[in-house]
>>> print(open('structure04.cif').read())   # mmCIF, C-alpha atoms
data_data
loop_
_atom_site.label_atom_id
_atom_site.label_comp_id
_atom_site.auth_asym_id
_atom_site.auth_seq_id
_atom_site.Cartn_x
_atom_site.Cartn_y
_atom_site.Cartn_z
CA MET A 53 56.35 109.90 81.68
CA ARG A 54 56.43 112.20 84.64
CA ARG A 55 56.45 109.22 86.95
CA LEU A 56 59.34 107.72 85.06
CA LEU A 57 61.30 110.94 85.40
CA LEU A 58 60.50 111.10 89.11
CA PHE A 59 61.62 107.51 89.48
CA LEU A 60 64.90 108.27 87.71
CA LEU A 61 65.38 111.39 89.82
CA ARG A 62 64.79 109.57 93.08
CA HIS A 63 67.21 106.78 92.26
CA ARG A 64 69.79 108.92 90.50
CA ALA A 65 72.59 107.98 92.90
CA PHE A 66 71.94 104.29 92.36
CA LEU A 67 71.68 104.73 88.61
CA LEU A 68 74.93 106.67 88.53
CA PHE A 69 76.54 103.91 90.56
CA LEU A 70 75.24 101.32 88.14
CA PHE A 71 76.39 103.34 85.16
CA LEU A 72 79.93 103.75 86.52
CA GLU A 73 80.17 100.06 87.41
CA ILE A 74 79.16 99.16 83.86
CA ILE A 75 81.88 101.46 82.55
CA CYS A 76 84.38 99.72 84.85
CA GLY A 77 83.26 96.31 83.65
CA TRP A 78 83.61 97.39 80.06
CA LEU A 79 87.11 98.78 80.76
CA ILE A 80 88.19 95.54 82.44
CA VAL A 81 87.01 93.47 79.49
CA GLN A 82 88.65 95.87 77.05
CA ASN A 83 91.89 95.73 78.96
CA ASN A 84 91.94 91.94 78.96
CA SER A 85 91.19 91.62 75.30
CA TYR A 86 93.92 91.12 72.84
CA GLN A 87 95.82 94.28 72.01
CA SER A 88 93.60 97.28 72.40
CA ALA A 89 95.40 100.57 72.35
CA THR A 90 94.21 102.77 75.17
CA PHE A 91 95.47 105.85 76.86
CA PHE A 92 94.76 104.61 80.35
CA ASN A 93 97.84 102.62 81.24
CA SER A 94 101.19 103.36 82.79
CA SER A 95 102.85 104.05 79.44
CA ASN A 96 101.00 107.35 79.02
CA SER A 97 103.32 110.27 79.36
CA ILE A 98 102.19 111.71 82.70
CA ALA A 99 102.11 108.42 84.59
CA ALA A 100 105.32 107.17 82.99
CA ASN A 101 107.18 110.37 83.81
CA ILE A 102 106.18 110.19 87.47
CA LEU A 103 107.24 106.54 87.62
CA SER A 104 110.46 107.33 85.81
CA VAL A 105 111.41 110.04 88.32
CA SER A 106 110.60 107.69 91.17
CA ASN A 107 112.74 105.00 89.56
CA ASP A 108 115.64 107.43 89.16
CA VAL A 109 115.70 107.77 92.93
CA THR A 110 115.10 104.18 93.95
CA SER A 111 117.42 102.60 91.38
CA TYR A 112 120.43 103.79 93.39
CA PHE A 113 119.55 101.36 96.15
CA SER A 114 120.05 98.34 93.93
CA LEU A 115 123.27 99.38 92.18
CA ARG A 116 125.35 96.74 93.90
CA THR A 117 123.21 93.77 92.88
CA GLU A 118 122.79 95.28 89.45
CA ASN A 119 126.54 95.38 88.95
CA LYS A 120 126.81 91.77 90.02
CA ASP A 121 124.11 90.73 87.58
CA LEU A 122 125.80 92.61 84.75
CA ALA A 123 129.13 90.96 85.52
CA GLN A 124 127.42 87.57 85.35
CA GLU A 125 125.77 88.48 82.09
CA ILE A 126 129.15 89.47 80.64
CA ALA A 127 130.65 86.19 81.77
CA ARG A 128 127.82 84.28 80.13
CA LEU A 129 128.21 86.15 76.86
CA GLN A 130 131.97 85.73 76.95
CA ALA A 131 131.53 81.99 77.30
CA LYS A 132 129.17 82.00 74.35
CA LEU A 133 131.63 83.99 72.27
CA ASP A 134 134.38 81.49 73.00
CA GLU A 135 132.19 78.66 71.77
CA LYS A 136 131.36 80.26 68.45
CA PRO A 137 134.44 79.57 66.22
CA LYS A 138 134.23 75.82 66.77
CA GLU A 139 130.82 75.65 65.15
CA VAL A 140 131.93 77.57 62.12
CA ILE A 141 135.11 75.84 61.00
CA LEU A 142 134.47 72.38 59.67
CA VAL A 143 131.97 73.10 56.94
CA ASP A 144 134.00 72.80 53.78
CA SER A 145 137.56 71.73 54.28
CA THR A 146 138.42 71.62 50.59
CA THR A 147 137.95 75.27 49.92
CA ASN A 148 138.70 76.42 53.43
CA ILE A 149 135.79 78.78 53.29
CA ALA A 150 133.50 78.61 56.20
CA GLU A 151 129.89 78.72 55.24
CA ILE A 152 127.89 80.28 57.94
CA ASP A 153 124.18 80.58 57.80
CA THR A 154 124.10 84.31 58.34
CA LEU A 155 120.37 84.34 57.98
CA GLU A 156 119.95 82.52 61.27
CA GLU A 157 122.49 84.75 62.98
CA SER A 158 120.69 87.97 62.21
CA ARG A 159 117.17 86.78 62.79
CA TYR A 160 116.77 88.51 66.11
CA GLU A 161 117.61 92.02 67.19
CA PHE A 162 117.88 93.03 70.81
CA GLN A 163 117.30 96.39 72.39
CA THR A 164 118.00 97.24 76.01
CA ALA A 165 115.42 99.04 78.13
CA GLU A 166 115.22 100.09 81.76
CA VAL A 167 112.39 98.86 83.96
CA ILE A 168 110.68 101.84 85.57
CA ASN A 169 107.69 100.11 87.13
CA ASN A 170 107.22 96.53 88.17
CA SER A 171 104.85 94.31 90.09
CA THR A 172 105.08 90.68 91.13
CA ARG A 173 102.49 90.14 93.84
CA ARG A 174 99.24 90.55 91.97
CA PHE A 175 97.20 88.11 89.91
CA ASN A 176 98.12 89.85 86.69
CA ASN A 177 101.47 91.55 86.72
CA TYR A 178 102.88 94.15 84.37
CA LEU A 179 106.15 96.02 83.91
CA THR A 180 106.68 99.45 82.41
CA ILE A 181 109.88 100.04 80.44
CA ASP A 182 111.43 103.17 78.99
CA LYS A 183 111.42 102.30 75.29
CA GLY A 184 108.44 103.01 73.06
CA SER A 185 107.19 103.16 69.50
CA VAL A 186 109.76 105.84 68.63
CA ASP A 187 112.44 103.20 69.32
CA GLY A 188 110.67 100.70 67.10
CA VAL A 189 108.92 98.75 69.84
CA LEU A 190 105.64 97.15 68.76
CA PRO A 191 103.01 95.22 70.70
CA ASN A 192 103.65 91.47 70.97
CA MET A 193 107.42 91.66 70.83
CA GLY A 194 109.14 89.40 73.33
CA VAL A 195 111.02 90.68 76.36
CA VAL A 196 113.90 88.78 77.94
CA GLY A 197 116.38 89.72 80.60
CA GLY A 198 118.00 88.75 83.85
CA GLY A 199 118.98 85.45 82.22
CA GLY A 200 115.51 84.34 81.17
CA VAL A 201 112.10 85.13 79.75
CA VAL A 202 110.36 88.22 81.15
CA GLY A 203 107.19 88.75 79.10
CA LYS A 204 105.86 90.43 76.01
CA ILE A 205 104.88 93.96 75.02
CA LYS A 206 101.23 94.85 75.55
CA TYR A 207 100.96 98.59 74.91
CA THR A 208 103.37 101.18 73.60
CA SER A 209 103.34 104.95 73.79
CA ASN A 210 105.96 107.19 72.18
CA HIS A 211 108.66 106.64 74.78
CA TYR A 212 107.37 103.93 77.09
CA SER A 213 105.83 100.46 76.88
CA VAL A 214 103.82 98.23 79.15
CA VAL A 215 104.99 94.62 79.28
CA THR A 216 102.75 91.70 80.22
CA SER A 217 104.87 89.83 82.71
CA LEU A 218 105.30 86.07 82.68
CA LEU A 219 103.47 86.36 86.00
CA HIS A 220 100.11 86.92 84.29
CA ALA A 221 97.00 84.77 84.16
CA ASP A 222 96.75 84.64 80.36
CA PHE A 223 100.40 84.11 79.62
CA TYR A 224 101.47 80.80 78.12
CA ILE A 225 104.99 80.28 76.83
CA SER A 226 105.67 77.63 74.25
CA SER A 227 108.53 75.77 75.89
CA LYS A 228 110.55 72.58 75.81
CA VAL A 229 112.46 70.49 78.29
CA LYS A 230 116.04 70.40 77.15
CA ASP A 231 117.00 67.14 75.38
CA LYS A 232 113.68 65.52 76.29
CA ILE A 233 110.54 66.97 74.80
CA ASN A 234 109.93 69.61 72.19
CA LEU A 235 106.50 70.91 72.99
CA CYS A 236 104.98 71.89 76.28
CA SER A 237 103.77 75.09 77.93
CA THR A 238 104.76 77.14 80.92
CA LYS A 239 102.16 79.08 82.83
CA TRP A 240 102.26 80.93 86.12
CA ASP A 241 99.82 79.67 88.76
CA HIS A 242 99.26 82.92 90.73
CA LEU A 243 100.68 81.80 94.03
CA ASP A 244 104.41 82.29 94.24
CA PRO A 245 106.29 84.70 91.95
CA SER A 246 109.30 82.38 91.76
CA TYR A 247 107.47 79.22 90.61
CA ALA A 248 105.40 78.32 87.55
CA SER A 249 103.63 75.21 86.25
CA LEU A 250 104.85 73.11 83.36
CA LEU A 251 101.89 71.89 81.34
CA PHE A 252 101.27 69.19 78.75
CA VAL A 253 104.32 67.00 79.35
CA PRO A 254 103.10 63.50 78.47
CA LYS A 255 103.73 60.66 80.91
CA HIS A 256 106.10 58.65 78.76
CA ILE A 257 108.77 61.33 79.01
CA ASN A 258 111.32 60.72 81.70
CA LEU A 259 110.84 64.09 83.39
CA GLN A 260 113.04 64.61 86.41
CA VAL A 261 113.76 67.24 89.01
CA GLY A 262 116.60 69.43 87.79
CA ASP A 263 115.71 69.35 84.08
CA THR A 264 116.09 72.70 82.34
CA VAL A 265 113.08 74.29 80.67
CA VAL A 266 113.74 76.69 77.78
CA THR A 267 111.69 78.43 75.09
CA SER A 268 110.84 76.35 72.04
CA GLY A 269 111.21 79.13 69.48
CA PHE A 270 108.03 77.99 67.71
CA ASN A 271 105.97 81.08 68.33
CA SER A 272 108.31 83.63 66.74
CA ILE A 273 108.27 85.85 69.82
CA TYR A 274 111.34 84.48 71.58
CA PRO A 275 114.48 82.97 70.14
CA GLU A 276 115.04 79.29 70.79
CA ASP A 277 116.69 78.15 74.02
CA VAL A 278 116.09 81.17 76.24
CA PRO A 279 116.01 79.76 79.79
CA ILE A 280 112.70 79.78 81.64
CA GLY A 281 113.36 77.68 84.71
CA VAL A 282 114.41 74.41 86.30
CA VAL A 283 112.01 71.61 87.17
CA SER A 284 111.58 71.56 90.94
CA THR A 285 108.79 69.09 91.67
CA VAL A 286 107.32 66.29 89.58
CA GLN A 287 104.13 64.38 90.30
CA ILE A 288 102.41 61.72 88.22
CA PRO A 289 98.73 61.85 89.07
CA GLU A 290 96.69 58.67 88.61
CA GLU A 291 94.57 58.61 85.47
CA ALA A 292 96.01 61.78 84.06
CA THR A 293 97.66 62.11 80.69
CA PHE A 294 100.22 64.68 81.72
CA PHE A 295 102.75 65.28 84.45
CA ASN A 296 101.97 67.63 87.26
CA ALA A 297 105.22 69.59 87.36
CA LYS A 298 106.43 72.85 88.86
CA ILE A 299 109.44 74.80 87.73
CA LYS A 300 111.55 77.30 89.60
CA LEU A 301 111.89 80.37 87.40
CA VAL A 302 115.38 81.59 86.52
CA ASN A 303 114.36 85.20 86.93
CA ASP A 304 113.78 86.95 90.20
CA PHE A 305 111.11 89.25 88.86
CA SER A 306 111.20 91.63 91.78
CA ARG A 307 114.82 92.46 91.00
CA LEU A 308 114.65 93.15 87.26
CA SER A 309 116.17 96.50 86.38
CA TYR A 310 117.21 96.10 82.74
CA VAL A 311 115.55 93.97 80.07
CA HIS A 312 116.04 93.30 76.36
CA ILE A 313 113.31 93.65 73.78
CA VAL A 314 113.45 90.94 71.14
CA GLN A 315 112.61 91.81 67.60
CA ASN A 316 112.17 88.89 65.23
CA LEU A 317 113.10 90.21 61.80
CA MET A 318 111.44 87.31 59.99
CA ARG A 319 108.25 87.34 61.94
CA ASN A 320 106.06 88.82 59.24
CA GLU A 321 107.30 86.30 56.74
CA LYS A 322 106.70 83.38 59.09
CA ASP A 323 103.28 84.57 60.20
CA SER A 324 102.03 85.27 56.70
CA LEU A 325 103.26 81.88 55.54
CA GLU A 326 101.56 80.15 58.45
CA SER A 327 98.35 82.07 58.00
CA LEU A 328 97.95 80.40 54.60
CA ILE A 329 97.15 77.07 56.21
CA GLN A 330 94.73 78.40 58.81
CA PRO A 331 91.54 77.85 56.78
CA GLU A 332 92.38 74.19 56.25
CA ASN A 333 92.74 73.60 59.95
CA GLU A 334 89.29 74.80 60.81
CA MET B 284 81.62 123.36 101.05
CA ASN B 285 83.62 126.50 100.54
CA ASN B 286 86.58 127.04 98.25
CA ARG B 287 89.14 126.38 100.94
CA ASN B 288 87.69 122.95 101.55
CA VAL B 289 87.71 122.11 97.87
CA ILE B 290 91.41 122.94 97.68
CA LEU B 291 92.07 120.87 100.81
CA VAL B 292 90.24 117.89 99.30
CA ILE B 293 92.17 118.15 96.03
CA GLY B 294 95.46 118.44 97.96
CA ALA B 295 94.61 115.38 100.05
CA PHE B 296 93.68 113.50 96.86
CA VAL B 297 97.06 114.22 95.24
CA VAL B 298 99.04 113.40 98.39
CA HIS B 299 97.23 110.11 98.97
CA LEU B 300 97.55 109.02 95.36
CA LEU B 301 101.26 109.85 95.16
CA LEU B 302 101.84 107.95 98.41
CA GLN B 303 99.92 105.01 96.99
CA VAL B 304 101.65 104.72 93.63
CA LEU B 305 105.16 105.66 94.72
CA VAL B 306 105.49 104.11 98.17
CA PHE B 307 102.73 101.72 99.16
CA LYS B 308 102.53 100.06 95.75
CA ASP B 309 105.74 98.21 96.51
CA ILE B 310 104.97 97.34 100.11
CA VAL B 311 103.55 93.85 100.48
CA MET B 312 103.68 92.04 103.80
CA PHE B 313 103.97 88.24 103.94
CA ASN B 314 103.09 88.00 100.26
CA VAL B 315 99.40 88.66 100.96
CA ALA B 316 98.90 91.96 102.84
CA PHE B 317 98.61 95.02 100.61
CA CYS B 318 98.08 98.59 101.71
CA PHE B 319 95.58 100.78 99.86
CA ILE B 320 96.16 104.13 101.51
CA TYR B 321 94.19 106.03 98.85
CA VAL B 322 91.00 104.43 100.17
CA GLY B 323 91.65 106.41 103.36
CA PHE B 324 91.23 109.63 101.42
CA LEU B 325 87.85 108.45 100.14
CA LEU B 326 86.67 107.34 103.56
CA LEU B 327 87.69 110.61 105.24
CA LEU B 328 85.71 112.86 102.89
CA PRO B 329 83.30 115.05 104.88
CA PHE B 330 79.79 113.80 105.70
CA GLU B 331 78.05 116.66 103.93
CA MET B 332 79.05 115.56 100.42
CA ASN B 333 76.15 113.96 98.56
CA ASN B 334 76.14 110.42 97.24
CA MET B 335 76.55 111.35 93.61
CA ALA B 336 79.70 113.34 94.32
CA LEU B 337 81.11 110.53 96.47
CA VAL B 338 80.60 107.93 93.76
CA VAL B 339 82.12 110.18 91.09
CA ILE B 340 85.16 111.00 93.24
CA GLY B 341 85.53 107.29 93.96
CA PHE B 342 85.49 106.57 90.24
CA ILE B 343 88.13 109.22 89.48
CA ALA B 344 90.42 108.02 92.28
CA GLY B 345 90.01 104.39 91.18
CA ILE B 346 90.80 105.11 87.55
CA THR B 347 93.87 107.14 88.52
CA VAL B 348 95.24 104.30 90.63
CA ASP B 349 94.40 101.85 87.83
CA ILE B 350 96.54 103.79 85.39
CA PHE B 351 99.57 103.26 87.58
CA TYR B 352 98.71 99.65 88.37
CA ASP B 353 97.91 98.77 84.72
CA SER B 354 94.70 97.18 85.95
CA LEU B 355 92.21 99.38 84.16
CA GLY B 356 88.76 99.28 85.76
CA ILE B 357 89.54 96.94 88.65
CA HIS B 358 90.29 99.53 91.33
CA ALA B 359 87.61 101.78 89.91
CA SER B 360 84.92 99.13 90.22
CA ALA B 361 85.94 98.49 93.83
CA THR B 362 86.01 102.16 94.83
CA VAL B 363 82.72 102.98 93.10
CA PHE B 364 81.09 100.08 94.89
CA MET B 365 82.58 101.10 98.23
CA MET B 366 81.60 104.75 97.83
CA PHE B 367 78.03 103.83 96.99
CA ILE B 368 77.78 101.66 100.09
CA ARG B 369 79.48 104.38 102.15
CA GLY B 370 76.54 106.72 101.57
CA GLN B 371 74.08 104.16 102.98
CA TRP B 372 76.42 102.99 105.72
CA VAL B 373 76.98 106.49 107.09
CA LYS B 374 73.20 106.96 107.37
CA LEU B 375 72.81 103.61 109.09
CA ILE B 376 75.36 104.22 111.81
CA THR B 377 74.43 107.82 112.60
CA PRO B 378 75.17 108.44 116.28
CA ARG B 379 72.42 109.82 118.53
CA GLY B 380 71.93 113.51 117.71
CA GLY B 381 73.27 113.18 114.17
CA TYR B 382 76.51 114.46 112.71
CA GLU B 383 77.87 117.91 113.43
CA VAL B 384 77.83 120.37 110.56
CA GLY B 385 81.06 120.25 108.58
CA ALA B 386 82.38 117.20 110.46
CA ALA B 387 84.55 114.58 108.82
CA PRO B 388 84.65 110.90 109.79
CA THR B 389 87.93 111.07 111.71
CA ILE B 390 88.98 109.47 114.99
CA LYS B 391 89.31 112.89 116.57
CA ALA B 392 85.78 113.89 115.71
CA MET B 393 83.94 110.59 116.14
CA GLY B 394 86.01 108.43 118.48
CA PHE B 395 88.00 105.27 117.80
CA GLN B 396 85.15 102.84 118.30
CA TRP B 397 82.84 104.56 115.85
CA PHE B 398 85.71 105.02 113.40
CA SER B 399 86.65 101.35 113.30
CA GLY B 400 83.00 100.35 113.00
CA TYR B 401 82.74 102.72 110.06
CA VAL B 402 86.01 101.91 108.29
CA LEU B 403 86.49 98.14 108.68
CA PRO B 404 83.38 96.90 106.83
CA LEU B 405 83.95 99.36 103.99
CA LEU B 406 87.61 98.41 103.67
CA PHE B 407 86.62 94.76 103.64
CA LEU B 408 84.05 95.36 100.89
CA HIS B 409 86.54 97.34 98.82
CA GLN B 410 89.21 94.71 99.07
CA PHE B 411 86.74 91.89 98.54
CA VAL B 412 85.57 93.36 95.24
CA LEU B 413 89.11 94.33 94.26
CA PHE B 414 90.77 90.97 94.73
CA PHE B 415 87.94 88.83 93.43
CA VAL B 416 87.56 90.95 90.31
CA GLU B 417 91.32 90.79 89.86
CA ALA B 418 91.32 87.02 90.26
CA SER B 419 88.32 87.05 87.86
CA GLY B 420 86.43 84.37 89.73
CA PHE B 421 86.39 82.24 92.84
CA GLY B 422 89.01 79.78 91.61
CA LEU B 423 91.65 80.47 94.25
CA PHE B 424 89.10 81.23 96.95
CA PHE B 425 91.15 80.69 100.10
CA PHE B 426 94.25 82.43 98.77
CA THR B 427 92.17 85.39 97.65
CA ILE B 428 90.17 85.64 100.87
CA SER B 429 93.41 85.58 102.87
CA LYS B 430 94.60 88.48 100.73
CA VAL B 431 91.33 90.31 101.40
CA LEU B 432 91.46 89.86 105.16
CA SER B 433 95.13 90.60 105.67
CA SER B 434 95.00 93.66 103.38
CA THR B 435 91.98 94.97 105.27
CA ILE B 436 93.85 94.71 108.56
CA PHE B 437 97.07 96.17 107.17
CA THR B 438 95.31 99.12 105.52
CA PHE B 439 93.29 99.74 108.69
CA ILE B 440 96.41 99.86 110.85
CA VAL B 441 98.13 102.28 108.48
CA LEU B 442 95.01 104.49 108.35
CA VAL B 443 94.74 104.61 112.16
CA LEU B 444 98.43 105.43 112.52
CA GLY B 445 98.04 108.15 109.90
CA GLN B 446 95.11 109.58 111.81
CA TYR B 447 97.06 109.82 115.03
CA LEU B 448 100.09 111.29 113.27
CA PHE B 449 98.58 113.85 110.90
CA TYR B 450 94.92 114.49 111.52
CA THR B 451 94.89 115.37 115.20
CA LYS B 452 95.31 119.13 114.89
CA LYS B 453 93.03 119.91 112.00
CA ALA B 454 90.37 117.31 112.64
CA SER B 455 87.51 119.71 111.94
CA ALA B 456 89.01 121.17 108.78
#
>>> encode(input="structure04.cif", output="structure tokens")
Amino acid sequence: MRRLLLFLLRHRAFLLFLFLEIICGWLIVQNNSYQSATFFNSSNSIAANILSVSNDVTSYFSLRTENKDLAQEIARLQAKLDEKPKEVILVDSTTNIAEIDTLEESRYEFQTAEVINNSTRRFNNYLTIDKGSVDGVLPNMGVVGGGGVVGKIKYTSNHYSVVTSLLHADFYISSKVKDKINLCSTKWDHLDPSYASLLFVPKHINLQVGDTVVTSGFNSIYPEDVPIGVVSTVQIPEEATFFNAKIKLVNDFSRLSYVHIVQNLMRNEKDSLESLIQPENE
Amino acid sequence: MNNRNVILVIGAFVVHLLLQVLVFKDIVMFNVAFCFIYVGFLLLLPFEMNNMALVVIGFIAGITVDIFYDSLGIHASATVFMMFIRGQWVKLITPRGGYEVGAAPTIKAMGFQWFSGYVLPLLFLHQFVLFFVEASGFGLFFFTISKVLSSTIFTFIVLVLGQYLFYTKKASA
């Protein structure tokens, strides 16, 4: 016993080192696992306040580009607004009452948030935004902005949230190529923050450079048809089932300053309905 | 270590961390070279601190940076590893006659050659652990190793410049 104690005493530095490394390993695993609420991330109040002050100063330097982006956004929305009446009119010409499916219209709610912390150059990138659980933000809500998909909420504190960026190793988006295929996935491949890979497009599809990739709307996080990117290179490898395609992302992630949090009002209903068939699948 | 030194160390800790998370976090050269200035704080801690304290300070600094980087545990594992090796490494490269009492591993006190021999391997180890843990494997080996090497060089240059700019007068403090 005494020898054991002496042994422990002699190697106490090494044992402490080992102990701390094990803690680190445990923290890394915890952090990667699905939705664990911890205090140690940039949404905690001290860290977020420091970042917020820093952002207050630096945001002035990008006002010009921000204004330009907002003007473009307004133009896009204006165009969408102009399209709307045409869809509505011709439903029932006998009664002259337009029947609009209002259910579909109000399925998603958007909330604007400011980006106070951002990264694009690491293997797993995150953003911090200035809306939190007090504003009704919950983990796993989608985040869009800058004309395309941004990511989804990972942690929330009272007034801030951490967003898993699209530029993250574990992030797959259910997507589709416009007018061509309904189900494929987009995933970032770590190298360049402006390109991602398009996965699971079968070979019989006529995939071409310039095709638009948008969200599929199947996973109840994002609405349908939110832009993701444009196909930039296409390769057909021998003896492979799927295309080897890269897409250029619509968003310049390093320039994001405002994003919108998507809340799917019917999500619970959809998820609980779908969970009924899970046991049969297994 | 007297009280004045403890306050100096805490001050240096806060300054280095704020610099790291507010300024150097957003500076990336050529898409691969990162600067981890907070490691400089850890490497410049005085010789007389014992290994346990070094490892614990490394852990605290790593966790603090992790909070701002949203990479919980990754920086901490790298700094703990580096600080443990630092204890052994300092013993190994002791100059003839040993270290002076109260000396810190600065260029002013130890000379440029000794300093680079001391800092470069430790920086490399830190960044090696950091990037490969972050990449969680050796999948993108050449991309990751290029990140490791270029970040080591970049951080080293910034540390040396910082030494010449700020540490010259109070090298023995």
>>> resolve_selection(input="structure04.cif", expression="the PyMOL selection byres ((chain B) within 10 of (chain A))", output="number ranges by chain")
B: 301, 304-306, 308-311, 314-317, 333-339, 341-342, 345-364, 366-368, 370, 414-419, 423, 426-427
>>> closest_residue(input="structure04.cif", among="B:Gly420, B:Phe449, B:Phe296, B:Ile428", to="Lys391 (chain B)", atoms="all atoms listed in the file")
B:Phe449
>>> resolve_selection(input="structure04.cif", expression="the PyMOL selection byres ((chain A and resi 296) around 12)", output="PDB file with C-alpha atoms, keeping the file's coordinate frame")
ATOM      1  CA  THR A 238     104.760  77.140  80.920  1.00  0.00           C
ATOM      2  CA  ALA A 248     105.400  78.320  87.550  1.00  0.00           C
ATOM      3  CA  SER A 249     103.630  75.210  86.250  1.00  0.00           C
ATOM      4  CA  LEU A 250     104.850  73.110  83.360  1.00  0.00           C
ATOM      5  CA  LEU A 251     101.890  71.890  81.340  1.00  0.00           C
ATOM      6  CA  PHE A 252     101.270  69.190  78.750  1.00  0.00           C
ATOM      7  CA  VAL A 253     104.320  67.000  79.350  1.00  0.00           C
ATOM      8  CA  PRO A 254     103.100  63.500  78.470  1.00  0.00           C
ATOM      9  CA  LYS A 255     103.730  60.660  80.910  1.00  0.00           C
ATOM     10  CA  LEU A 259     110.840  64.090  83.390  1.00  0.00           C
ATOM     11  CA  GLN A 260     113.040  64.610  86.410  1.00  0.00           C
ATOM     12  CA  VAL A 261     113.760  67.240  89.010  1.00  0.00           C
ATOM     13  CA  VAL A 283     112.010  71.610  87.170  1.00  0.00           C
ATOM     14  CA  SER A 284     111.580  71.560  90.940  1.00  0.00           C
ATOM     15  CA  THR A 285     108.790  69.090  91.670  1.00  0.00           C
ATOM     16  CA  VAL A 286     107.320  66.290  89.580  1.00  0.00           C
ATOM     17  CA  GLN A 287     104.130  64.380  90.300  1.00  0.00           C
ATOM     18  CA  ILE A 288     102.410  61.720  88.220  1.00  0.00           C
ATOM     19  CA  PRO A 289      98.730  61.850  89.070  1.00  0.00           C
ATOM     20  CA  GLU A 290      96.690  58.670  88.610  1.00  0.00           C
ATOM     21  CA  GLU A 291      94.570  58.610  85.470  1.00  0.00           C
ATOM     22  CA  ALA A 292      96.010  61.780  84.060  1.00  0.00           C
ATOM     23  CA  THR A 293      97.660  62.110  80.690  1.00  0.00           C
ATOM     24  CA  PHE A 294     100.220  64.680  81.720  1.00  0.00           C
ATOM     25  CA  PHE A 295     102.750  65.280  84.450  1.00  0.00           C
ATOM     26  CA  ALA A 297     105.220  69.590  87.360  1.00  0.00           C
ATOM     27  CA  LYS A 298     106.430  72.850  88.860  1.00  0.00           C
ATOM     28  CA  ILE A 299     109.440  74.800  87.730  1.00  0.00           C
TER      29      ILE A 299
END
>>> atom_distance(input="structure04.cif", atom1="CA of Lys430 (chain B)", atom2="CA of Asp222 (chain A)")
20.8 Å
>>> closest_residue(input="structure04.cif", among="B:Ala386, B:Met312, B:Leu442, B:Met365", to="Phe324 (chain B)", atoms="all atoms listed in the file")
B:Leu442
>>> resolve_selection(input="structure04.cif", expression="the PyMOL selection byres ((chain A and resi 212) around 10)", output="JSON, numbers by chain")
{"A": [94, 95, 96, 97, 100, 101, 104, 165, 166, 167, 168, 180, 181, 182, 183, 184, 185, 186, 187, 189, 207, 208, 209, 210, 211, 213, 214, 215]}
>>> residues_around(input="structure04.cif", residues="Ser434 (chain B)", least_positions_apart="2", cutoff="9 Å", atoms="all atoms listed in the file", output="ChimeraX atom specification")
/B:312,315-319,406-407,410,429-432,436-439
>>> atom_distance(input="structure04.cif", atom1="CA of Thr435 (chain B)", atom2="CA of Phe330 (chain B)")
22.4 Å
>>> atom_distance(input="structure04.cif", atom1="CA of Leu190 (chain A)", atom2="CA of Lys206 (chain A)")
8.4 Å
>>> residues_around(input="structure04.cif", residues="region 262-277 of chain A", least_positions_apart="6", cutoff="6 Å", atoms="only C-alpha atoms", output="PyMOL selection string")
chain A and resi 193-194+226-230+283
>>> residues_around(input="structure04.cif", residues="Pro378 (chain B)", least_positions_apart="3", cutoff="12 Å", atoms="only C-alpha atoms", output="PDB file with C-alpha atoms, keeping the file's coordinate frame")
ATOM      1  CA  TRP B 372      76.420 102.990 105.720  1.00  0.00           C
ATOM      2  CA  VAL B 373      76.980 106.490 107.090  1.00  0.00           C
ATOM      3  CA  LYS B 374      73.200 106.960 107.370  1.00  0.00           C
ATOM      4  CA  LEU B 375      72.810 103.610 109.090  1.00  0.00           C
ATOM      5  CA  GLY B 381      73.270 113.180 114.170  1.00  0.00           C
ATOM      6  CA  TYR B 382      76.510 114.460 112.710  1.00  0.00           C
ATOM      7  CA  GLU B 383      77.870 117.910 113.430  1.00  0.00           C
ATOM      8  CA  PRO B 388      84.650 110.900 109.790  1.00  0.00           C
ATOM      9  CA  ALA B 392      85.780 113.890 115.710  1.00  0.00           C
ATOM     10  CA  MET B 393      83.940 110.590 116.140  1.00  0.00           C
ATOM     11  CA  GLY B 394      86.010 108.430 118.480  1.00  0.00           C
ATOM     12  CA  GLN B 396      85.150 102.840 118.300  1.00  0.00           C
ATOM     13  CA  TRP B 397      82.840 104.560 115.850  1.00  0.00           C
ATOM     14  CA  PHE B 398      85.710 105.020 113.400  1.00  0.00           C
ATOM     15  CA  GLY B 400      83.000 100.350 113.000  1.00  0.00           C
ATOM     16  CA  TYR B 401      82.740 102.720 110.060  1.00  0.00           C
TER      17      TYR B 401
END
>>> residues_around(input="structure04.cif", residues="region 285-290 of chain B", least_positions_apart="4", cutoff="10 Å", atoms="only C-alpha atoms", output="ChimeraX atom specification")
/B:294-296,329,456
>>> closest_residue(input="structure04.cif", among="B:Ile320, B:Ile343, B:Leu300, B:Leu405", to="Gln446 (chain B)", atoms="only C-alpha atoms")
B:Ile320
